[in-house]
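Enquirer: Structure file protein-v6.txt (compact mmCIF, C-alpha atoms) is given on the next line.
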# COMPACT_ATOMS: atom_id res chain seq x y z
CA MET A 1 -15.07 4.23 6.66
CA ARG A 2 -14.06 1.20 4.66
CA TYR A 3 -11.04 -0.97 5.40
CA ASP A 4 -9.37 -3.46 3.08
CA ARG A 5 -8.30 -6.97 4.06
CA THR A 6 -4.86 -5.76 5.11
CA GLY A 7 -6.34 -3.35 7.70
CA LEU A 8 -5.81 -0.18 5.65
CA GLN A 9 -8.48 2.48 5.28
CA VAL A 10 -9.71 2.73 1.68
CA LEU A 11 -9.81 6.33 0.42
CA ASP A 12 -12.55 7.42 -1.97
CA GLU A 13 -11.77 9.10 -5.30
CA THR A 14 -12.43 12.65 -4.06
CA GLU A 15 -10.03 12.20 -1.17
CA CYS A 16 -7.44 10.55 -3.47
CA LEU A 17 -7.53 13.50 -5.88
CA ARG A 18 -7.32 16.01 -3.00
CA LEU A 19 -4.25 14.24 -1.60
CA LEU A 20 -2.70 13.95 -5.07
CA GLY A 21 -2.75 17.72 -5.35
CA SER A 22 -1.34 18.27 -1.86
CA VAL A 23 2.29 17.20 -2.42
CA PRO A 24 5.01 18.52 -4.75
CA VAL A 25 6.81 15.24 -5.57
CA GLY A 26 5.49 11.95 -6.93
CA ARG A 27 7.05 8.79 -8.31
CA ILE A 28 6.58 7.32 -11.74
CA ALA A 29 6.87 3.57 -12.13
CA PHE A 30 7.68 2.50 -15.66
CA THR A 31 9.64 -0.10 -17.59
CA HIS A 32 13.13 0.58 -18.88
CA ASP A 33 15.12 -2.06 -20.80
CA ALA A 34 12.50 -4.61 -19.66
CA LEU A 35 13.23 -3.82 -16.02
CA PRO A 36 10.99 -2.00 -13.57
CA ALA A 37 12.12 1.54 -12.76
CA VAL A 38 10.96 4.29 -10.41
CA GLN A 39 11.70 7.98 -10.86
CA PRO A 40 10.62 10.81 -8.56
CA VAL A 41 9.47 14.02 -10.25
CA THR A 42 8.05 17.33 -9.19
CA PHE A 43 4.57 17.69 -10.69
CA VAL A 44 1.28 19.56 -10.69
CA VAL A 45 -2.28 18.48 -11.33
CA HIS A 46 -3.65 20.42 -14.31
CA GLU A 47 -7.17 19.89 -15.66
CA GLY A 48 -7.38 16.58 -13.87
CA ALA A 49 -4.11 15.19 -15.23
CA VAL A 50 -0.65 14.81 -13.69
CA VAL A 51 1.92 17.00 -15.47
CA PHE A 52 5.69 16.90 -15.05
CA ARG A 53 8.72 18.04 -16.99
CA THR A 54 11.64 15.99 -18.21
CA ARG A 55 14.67 16.39 -20.42
CA GLU A 56 14.29 15.60 -24.10
CA GLY A 57 16.15 12.38 -24.83
CA SER A 58 16.06 11.20 -21.22
CA LYS A 59 15.20 7.64 -20.18
CA LEU A 60 12.04 8.95 -18.58
CA ALA A 61 10.95 10.80 -21.72
CA ALA A 62 11.50 7.70 -23.84
CA ALA A 63 9.94 5.26 -21.39
CA THR A 64 6.78 7.27 -20.83
CA ARG A 65 5.99 7.95 -24.48
CA ASN A 66 2.44 6.61 -24.83
CA ALA A 67 3.11 4.06 -22.10
CA VAL A 68 0.78 3.08 -19.29
CA VAL A 69 2.50 4.12 -16.08
CA ALA A 70 1.76 4.19 -12.38
CA PHE A 71 2.23 7.47 -10.54
CA GLU A 72 2.44 7.34 -6.76
CA VAL A 73 2.35 9.96 -4.02
CA ASP A 74 2.45 9.41 -0.28
CA GLU A 75 3.20 10.89 3.10
CA PHE A 76 4.29 8.83 6.08
CA ASP A 77 5.22 9.78 9.60
CA ALA A 78 7.51 7.41 11.50
CA ALA A 79 6.67 9.00 14.87
CA THR A 80 2.97 8.12 14.67
CA ARG A 81 3.44 5.15 12.30
CA SER A 82 0.74 6.58 10.09
CA GLY A 83 0.32 7.98 6.61
CA TRP A 84 -1.38 7.61 3.26
CA ASN A 85 -0.61 6.80 -0.35
CA VAL A 86 -2.38 7.39 -3.63
CA THR A 87 -1.58 5.68 -6.93
CA VAL A 88 -2.79 6.79 -10.34
CA VAL A 89 -2.60 4.50 -13.35
CA GLY A 90 -2.87 6.15 -16.73
CA ARG A 91 -1.34 6.72 -20.11
CA ALA A 92 1.57 9.13 -20.38
CA ARG A 93 1.97 11.33 -23.43
CA VAL A 94 4.35 14.07 -24.44
CA VAL A 95 2.51 17.36 -24.88
CA THR A 96 3.14 18.84 -28.34
CA ASP A 97 0.11 21.07 -28.97
CA PRO A 98 1.29 24.74 -28.86
CA ASP A 99 -1.82 25.97 -26.99
CA GLU A 100 -1.49 23.24 -24.39
CA LEU A 101 2.23 23.95 -24.03
CA ALA A 102 1.54 27.66 -23.50
CA ALA A 103 -0.97 26.80 -20.75
CA LEU A 104 1.50 24.43 -19.08
CA ALA A 105 4.36 26.93 -19.30
CA ALA A 106 2.24 29.32 -17.22
CA LEU A 107 2.01 26.81 -14.34
CA ASP A 108 4.36 26.90 -11.37
CA LEU A 109 6.18 23.75 -12.41
CA ARG A 110 9.82 24.45 -11.82
CA PRO A 111 11.89 21.29 -11.40
CA TRP A 112 14.11 21.27 -8.32
CA ALA A 113 17.16 19.97 -10.17
CA PRO A 114 19.32 22.48 -12.06
CA GLY A 115 19.33 20.75 -15.48
CA GLN A 116 17.09 21.76 -18.35
CA ARG A 117 13.74 19.97 -18.69
CA ASP A 118 11.92 21.16 -21.76
CA ARG A 119 9.56 18.24 -22.32
CA TYR A 120 6.11 18.33 -20.71
CA VAL A 121 4.59 14.92 -20.05
CA GLN A 122 0.97 14.45 -19.06
CA ILE A 123 -0.48 11.39 -17.34
CA SER A 124 -4.22 10.93 -17.65
CA VAL A 125 -5.88 9.73 -14.46
CA GLU A 126 -7.66 6.58 -15.62
CA LEU A 127 -7.61 4.77 -12.32
CA VAL A 128 -6.92 6.15 -8.86
CA GLN A 129 -6.63 4.28 -5.59
CA GLY A 130 -5.59 5.30 -2.13
CA ARG A 131 -5.05 3.88 1.33
CA ARG A 132 -4.47 5.35 4.74
CA VAL A 133 -2.60 3.75 7.64
CA PRO A 134 -4.62 4.98 10.61
CA GLY A 135 -1.67 4.95 13.02
CA ARG A 136 -1.74 5.04 16.79
CA SER A 137 -4.66 7.43 17.11
CA ARG A 138 -7.09 4.83 15.79
CA VAL A 139 -9.32 3.43 18.55
CA MET B 140 31.19 14.76 -7.06
CA ARG B 141 29.63 13.46 -10.24
CA TYR B 142 26.50 14.90 -11.86
CA ASP B 143 24.31 13.28 -14.49
CA ARG B 144 23.00 14.98 -17.62
CA THR B 145 19.86 16.14 -15.82
CA GLY B 146 21.90 18.06 -13.21
CA LEU B 147 21.45 15.54 -10.39
CA GLN B 148 24.32 14.41 -8.19
CA VAL B 149 25.11 10.71 -8.73
CA LEU B 150 25.41 8.81 -5.43
CA ASP B 151 27.93 5.99 -5.11
CA GLU B 152 26.91 2.51 -3.96
CA THR B 153 28.08 2.99 -0.36
CA GLU B 154 26.02 6.14 0.00
CA CYS B 155 23.02 4.48 -1.68
CA LEU B 156 23.10 1.58 0.79
CA ARG B 157 23.52 3.94 3.75
CA LEU B 158 20.49 5.97 2.66
CA LEU B 159 18.50 2.79 1.96
CA GLY B 160 18.93 1.81 5.60
CA SER B 161 18.03 5.27 6.91
CA VAL B 162 14.27 5.31 6.23
CA PRO B 163 11.41 3.06 7.45
CA VAL B 164 9.19 3.07 4.34
CA GLY B 165 9.98 2.19 0.72
CA ARG B 166 7.93 1.61 -2.41
CA ILE B 167 7.81 -1.53 -4.50
CA ALA B 168 7.08 -1.18 -8.18
CA PHE B 169 5.72 -4.33 -9.74
CA THR B 170 3.28 -5.54 -12.37
CA HIS B 171 -0.26 -6.57 -11.49
CA ASP B 172 -2.73 -7.75 -14.14
CA ALA B 173 -0.30 -6.43 -16.78
CA LEU B 174 -0.48 -2.93 -15.28
CA PRO B 175 2.24 -1.13 -13.35
CA ALA B 176 1.59 -0.87 -9.61
CA VAL B 177 3.34 0.79 -6.67
CA GLN B 178 2.92 -0.25 -3.06
CA PRO B 179 4.58 1.35 -0.03
CA VAL B 180 5.85 -1.02 2.67
CA THR B 181 7.75 -0.73 5.93
CA PHE B 182 11.02 -2.62 5.58
CA VAL B 183 14.46 -3.32 6.99
CA VAL B 184 17.78 -4.13 5.36
CA HIS B 185 18.96 -7.53 6.59
CA GLU B 186 22.21 -9.12 5.40
CA GLY B 187 22.31 -6.79 2.44
CA ALA B 188 18.75 -7.50 1.27
CA VAL B 189 15.48 -5.57 1.58
CA VAL B 190 12.96 -7.45 3.75
CA PHE B 191 9.29 -6.63 4.20
CA ARG B 192 6.17 -8.42 5.36
CA THR B 193 2.93 -8.93 3.51
CA ARG B 194 -0.29 -10.85 3.90
CA GLU B 195 -0.45 -14.35 2.45
CA GLY B 196 -2.73 -14.27 -0.59
CA SER B 197 -2.30 -10.53 -1.14
CA LYS B 198 -1.71 -8.96 -4.55
CA LEU B 199 1.75 -7.95 -3.39
CA ALA B 200 2.64 -11.47 -2.25
CA ALA B 201 1.49 -12.91 -5.58
CA ALA B 202 3.08 -10.23 -7.73
CA THR B 203 6.48 -10.38 -6.07
CA ARG B 204 6.88 -14.15 -6.14
CA ASN B 205 10.19 -14.62 -7.97
CA ALA B 206 9.60 -11.42 -9.90
CA VAL B 207 12.13 -8.73 -10.66
CA VAL B 208 10.95 -5.60 -8.88
CA ALA B 209 12.15 -2.07 -8.26
CA PHE B 210 12.26 -0.83 -4.69
CA GLU B 211 12.51 2.90 -4.14
CA VAL B 212 13.23 5.08 -1.11
CA ASP B 213 13.55 8.84 -1.00
CA GLU B 214 13.40 11.95 1.12
CA PHE B 215 12.47 15.36 -0.25
CA ASP B 216 12.11 18.74 1.39
CA ALA B 217 9.85 21.26 -0.30
CA ALA B 218 11.26 24.17 1.72
CA THR B 219 14.80 23.77 0.36
CA ARG B 220 13.72 22.04 -2.90
CA SER B 221 16.27 19.33 -2.21
CA GLY B 222 16.37 15.63 -1.48
CA TRP B 223 17.59 12.24 -2.62
CA ASN B 224 16.28 8.95 -3.95
CA VAL B 225 17.68 5.44 -4.17
CA THR B 226 16.28 2.63 -6.30
CA VAL B 227 17.16 -1.03 -5.96
CA VAL B 228 16.37 -3.53 -8.69
CA GLY B 229 16.38 -7.17 -7.69
CA ARG B 230 14.50 -10.43 -7.52
CA ALA B 231 11.86 -10.83 -4.85
CA ARG B 232 11.32 -14.18 -3.15
CA VAL B 233 9.12 -15.41 -0.35
CA VAL B 234 11.25 -16.65 2.55
CA THR B 235 10.35 -20.23 3.50
CA ASP B 236 13.48 -21.58 5.20
CA PRO B 237 12.71 -22.02 8.95
CA ASP B 238 16.15 -20.74 10.09
CA GLU B 239 15.86 -17.67 7.90
CA LEU B 240 12.31 -17.06 9.12
CA ALA B 241 13.44 -17.29 12.75
CA ALA B 242 16.18 -14.72 12.08
CA LEU B 243 13.71 -12.39 10.34
CA ALA B 244 11.12 -12.76 13.12
CA ALA B 245 13.72 -11.40 15.54
CA LEU B 246 14.06 -8.16 13.55
CA ASP B 247 12.12 -5.02 14.43
CA LEU B 248 9.89 -5.26 11.40
CA ARG B 249 6.42 -4.44 12.64
CA PRO B 250 4.10 -3.24 9.87
CA TRP B 251 2.31 0.02 10.66
CA ALA B 252 -1.07 -1.23 9.46
CA PRO B 253 -3.15 -3.30 11.87
CA GLY B 254 -3.79 -6.34 9.62
CA GLN B 255 -1.83 -9.57 9.81
CA ARG B 256 1.23 -9.93 7.59
CA ASP B 257 2.77 -13.33 8.00
CA ARG B 258 4.71 -13.57 4.73
CA TYR B 259 8.31 -12.38 4.67
CA VAL B 260 9.53 -11.26 1.27
CA GLN B 261 13.18 -10.58 0.52
CA ILE B 262 14.50 -8.49 -2.36
CA SER B 263 18.10 -9.10 -3.32
CA VAL B 264 20.03 -5.93 -4.17
CA GLU B 265 21.29 -6.67 -7.68
CA LEU B 266 21.48 -3.10 -8.88
CA VAL B 267 21.37 0.08 -6.83
CA GLN B 268 21.31 3.66 -8.07
CA GLY B 269 20.82 6.96 -6.34
CA ARG B 270 20.58 10.64 -7.08
CA ARG B 271 20.59 13.78 -4.98
CA VAL B 272 18.95 17.11 -5.82
CA PRO B 273 21.46 19.56 -4.40
CA GLY B 274 18.88 22.22 -3.58
CA ARG B 275 19.43 25.88 -2.93
CA SER B 276 22.67 25.46 -0.99
CA ARG B 277 24.56 24.38 -4.10
CA VAL B 278 26.98 27.04 -5.35
Turn this file's structure into structure tokens for me.

Expert:
Amino acid sequence: MRYDRTGLQVLDETECLRLLGSVPVGRIAFTHDALPAVQPVTFVVHEGAVVFRTREGSKLAAATRNAVVAFEVDEFDAATRSGWNVTVVGRARVVTDPDELAALAALDLRPWAPGQRDRYVQISVELVQGRRVPGRSRV
Amino acid sequence: MRYDRTGLQVLDETECLRLLGSVPVGRIAFTHDALPAVQPVTFVVHEGAVVFRTREGSKLAAATRNAVVAFEVDEFDAATRSGWNVTVVGRARVVTDPDELAALAALDLRPWAPGQRDRYVQISVELVQGRRVPGRSRV
């Protein structure tokens, strides 16, 4: 196992992608009005890309149109002071191709919030990095 | 209760600050090498500001030096498809004043990772926003 200079275990790409697909909610970091912003979304991994839904005309839809974004997932446990995080960096694009949209509509990607979200946004995984905090069990 | 156009409950500032202080880990969104980056950190709220520790010379220390950053906390529950998130936007600064450092050293701010983290970084809360996904219990 490899550790970085801050004492965190470095996760390889396979493990990063496995963990990415193991949680239902991730966070998109983007720029809005020249300020950094973070927005949690429910998502799935489809054909190697992160896919989420948003409302047409929303800040998120506008900000992620052909923008490079970071997408982060993690899981931490306060009791054992351990956990992991994975960050993807990639370009976001609104899906408009009818065949692609039909494939995405068949996925189990129901947003938790009640409002309508009819825009599908896809983030290509161009760069993926992950770290694990070993926690108390590490000897 | 107020809802936004995406069907999420809008949290007022008091509730945002209460939730901000209720979790041990948050995520900083910043820019590194012109790319968006997200880094989880353990933190505390001290005198109304977010405080975390990092390693001198780290990417995070460099990227947050007098930069405007977003700091996000959340809690989601897949079983009830509910949760909340709070995002702070503010300026990050490395704490150098000896009196301030002494006060911060007295806080229970032990990073979970084993490596040394001798830099204290403070994020002023200039803007705070929060949303709640009501989940299944909403009628």

Enquirer: List the neighbours of Ala244 (chain B) out to 10 Å using all atoms listed in the file; skip same-chain residues closer than 6 positions along the sequence, and give me the result as a list of chain:residue names.

Expert: B:Asp238, B:Asp257, B:Tyr259

Enquirer: Select residues of chain B: the criterion is any atom within 6 Å of an atom of chain A, counting all atoms listed in the file; output as a PDB file with C-alpha atoms, keeping the file's coordinate frame.

Expert:
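selection.pdb was written with the following content:
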ATOM      1  CA  THR B 145      19.860  16.140 -15.820  1.00  0.00           C
ATOM      2  CA  GLY B 146      21.900  18.060 -13.210  1.00  0.00           C
ATOM      3  CA  PRO B 175       2.240  -1.130 -13.350  1.00  0.00           C
ATOM      4  CA  ALA B 176       1.590  -0.870  -9.610  1.00  0.00           C
ATOM      5  CA  VAL B 208      10.950  -5.600  -8.880  1.00  0.00           C
ATOM      6  CA  ALA B 209      12.150  -2.070  -8.260  1.00  0.00           C
ATOM      7  CA  ARG B 220      13.720  22.040  -2.900  1.00  0.00           C
ATOM      8  CA  TRP B 251       2.310   0.020  10.660  1.00  0.00           C
ATOM      9  CA  ALA B 252      -1.070  -1.230   9.460  1.00  0.00           C
ATOM     10  CA  PRO B 253      -3.150  -3.300  11.870  1.00  0.00           C
ATOM     11  CA  GLY B 254      -3.790  -6.340   9.620  1.00  0.00           C
ATOM     12  CA  VAL B 272      18.950  17.110  -5.820  1.00  0.00           C
TER      13      VAL B 272
END

Enquirer: Just want the 10 Å neighbourhood of region 43-48 of chain A, counted on all atoms listed in the file, with same-chain residues fewer than 4 positions away dropped. Output as a count of residues only.

Expert: 23

Enquirer: What is the CA of Val10 (chain A) to CA of Asn66 (chain A) distance in Å?

Expert: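 So the answer is 29.4 Å.
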
Enquirer: So how far away is CA of Arg230 (chain B) from CA of Lys198 (chain B), in Å?

Expert: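 According to the coordinates, CA of Lys198 (chain B) and CA of Arg230 (chain B) are separated by 16.5 Å.
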
Enquirer: Could you check how far CA of Val41 (chain A) sits from CA of Ala61 (chain A), in Å to one decimal?

Expert: 12.0 Å

Enquirer: May I have the protein, DNA and RNA residues with any atom at most 10 Å from the point (14.1, -18.4, -4.5), counting only C-alpha atoms, written as a CSV table (one decimal) with C-alpha atoms, in the frame of the given file?

Expert:
chain,number,residue,atom,x,y,z
B,204,ARG,CA,6.9,-14.2,-6.1
B,205,ASN,CA,10.2,-14.6,-8.0
B,206,ALA,CA,9.6,-11.4,-9.9
B,230,ARG,CA,14.5,-10.4,-7.5
B,231,ALA,CA,11.9,-10.8,-4.8
B,232,ARG,CA,11.3,-14.2,-3.2
B,233,VAL,CA,9.1,-15.4,-0.4
B,234,VAL,CA,11.2,-16.6,2.6
B,235,THR,CA,10.4,-20.2,3.5
B,261,GLN,CA,13.2,-10.6,0.5

Enquirer: With only C-alpha atoms as the basis for distance, which of B:Cys155, B:Val190, B:Ala218, B:Ala245 is at the shortest distance from Val267 (chain B)?

Expert: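 Distance minimum relative to Val267 (chain B) lands on B:Cys155.
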
Enquirer: For region 37-68 of chain A, where the input has fewer atoms than it should, I would like N, CA and C atoms rebuilt and written as a short mmCIF file (atom, residue, chain, number, x, y, z; two decimals), in the frame of the given file.

Expert:
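Heads up, here's the output in part_32.cif:
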data_model
loop_
_atom_site.label_atom_id
_atom_site.label_comp_id
_atom_site.auth_asym_id
_atom_site.auth_seq_id
_atom_site.Cartn_x
_atom_site.Cartn_y
_atom_site.Cartn_z
N ALA A 37 11.36 0.36 -13.18
CA ALA A 37 12.12 1.54 -12.76
C ALA A 37 11.18 2.50 -12.05
N VAL A 38 11.74 3.28 -11.14
CA VAL A 38 10.96 4.29 -10.41
C VAL A 38 11.73 5.59 -10.45
N GLN A 39 11.03 6.68 -10.75
CA GLN A 39 11.70 7.98 -10.86
C GLN A 39 10.85 9.05 -10.19
N PRO A 40 11.38 9.70 -9.16
CA PRO A 40 10.62 10.81 -8.56
C PRO A 40 10.66 12.04 -9.47
N VAL A 41 9.55 12.76 -9.50
CA VAL A 41 9.47 14.02 -10.25
C VAL A 41 8.63 15.03 -9.48
N THR A 42 8.96 16.30 -9.66
CA THR A 42 8.05 17.33 -9.19
C THR A 42 6.93 17.45 -10.23
N PHE A 43 5.72 17.72 -9.77
CA PHE A 43 4.57 17.69 -10.69
C PHE A 43 3.49 18.64 -10.20
N VAL A 44 2.52 18.88 -11.08
CA VAL A 44 1.28 19.56 -10.69
C VAL A 44 0.11 18.78 -11.29
N VAL A 45 -1.07 19.01 -10.73
CA VAL A 45 -2.28 18.48 -11.33
C VAL A 45 -2.91 19.61 -12.13
N HIS A 46 -3.11 19.39 -13.44
CA HIS A 46 -3.65 20.42 -14.31
C HIS A 46 -4.80 19.82 -15.12
N GLU A 47 -5.97 20.41 -14.99
CA GLU A 47 -7.17 19.89 -15.66
C GLU A 47 -7.33 18.39 -15.46
N GLY A 48 -7.15 17.97 -14.23
CA GLY A 48 -7.38 16.58 -13.87
C GLY A 48 -6.30 15.60 -14.27
N ALA A 49 -5.20 16.09 -14.83
CA ALA A 49 -4.11 15.19 -15.23
C ALA A 49 -2.83 15.56 -14.48
N VAL A 50 -1.97 14.57 -14.30
CA VAL A 50 -0.65 14.81 -13.69
C VAL A 50 0.28 15.35 -14.77
N VAL A 51 0.99 16.43 -14.49
CA VAL A 51 1.92 17.00 -15.47
C VAL A 51 3.30 17.15 -14.83
N PHE A 52 4.32 16.68 -15.53
CA PHE A 52 5.69 16.90 -15.05
C PHE A 52 6.58 17.23 -16.25
N ARG A 53 7.78 17.68 -15.94
CA ARG A 53 8.72 18.04 -16.99
C ARG A 53 9.91 17.08 -16.98
N THR A 54 10.44 16.83 -18.14
CA THR A 54 11.64 15.99 -18.21
C THR A 54 12.53 16.50 -19.34
N ARG A 55 13.72 15.96 -19.41
CA ARG A 55 14.67 16.39 -20.42
C ARG A 55 14.42 15.60 -21.70
N GLU A 56 14.43 16.28 -22.82
CA GLU A 56 14.29 15.60 -24.10
C GLU A 56 15.44 14.60 -24.25
N GLY A 57 15.10 13.39 -24.66
CA GLY A 57 16.15 12.38 -24.83
C GLY A 57 16.46 11.60 -23.57
N SER A 58 15.79 11.92 -22.47
CA SER A 58 16.06 11.20 -21.22
C SER A 58 15.36 9.84 -21.24
N LYS A 59 15.82 8.96 -20.35
CA LYS A 59 15.20 7.64 -20.18
C LYS A 59 13.72 7.79 -19.89
N LEU A 60 13.42 8.75 -19.01
CA LEU A 60 12.04 8.95 -18.58
C LEU A 60 11.17 9.41 -19.75
N ALA A 61 11.71 10.31 -20.57
CA ALA A 61 10.95 10.80 -21.72
C ALA A 61 10.66 9.65 -22.69
N ALA A 62 11.67 8.82 -22.91
CA ALA A 62 11.50 7.70 -23.84
C ALA A 62 10.54 6.66 -23.28
N ALA A 63 10.70 6.36 -21.99
CA ALA A 63 9.94 5.26 -21.39
C ALA A 63 8.46 5.60 -21.20
N THR A 64 8.16 6.90 -21.09
CA THR A 64 6.78 7.27 -20.83
C THR A 64 6.03 7.71 -22.09
N ARG A 65 6.66 7.55 -23.23
CA ARG A 65 5.99 7.95 -24.48
C ARG A 65 4.86 6.97 -24.80
N ASN A 66 3.62 7.44 -24.59
CA ASN A 66 2.44 6.61 -24.83
C ASN A 66 2.46 5.28 -24.09
N ALA A 67 3.08 5.27 -22.91
CA ALA A 67 3.11 4.06 -22.10
C ALA A 67 2.12 4.19 -20.95
N VAL A 68 1.59 3.07 -20.50
CA VAL A 68 0.78 3.08 -19.29
C VAL A 68 1.74 3.05 -18.11
#
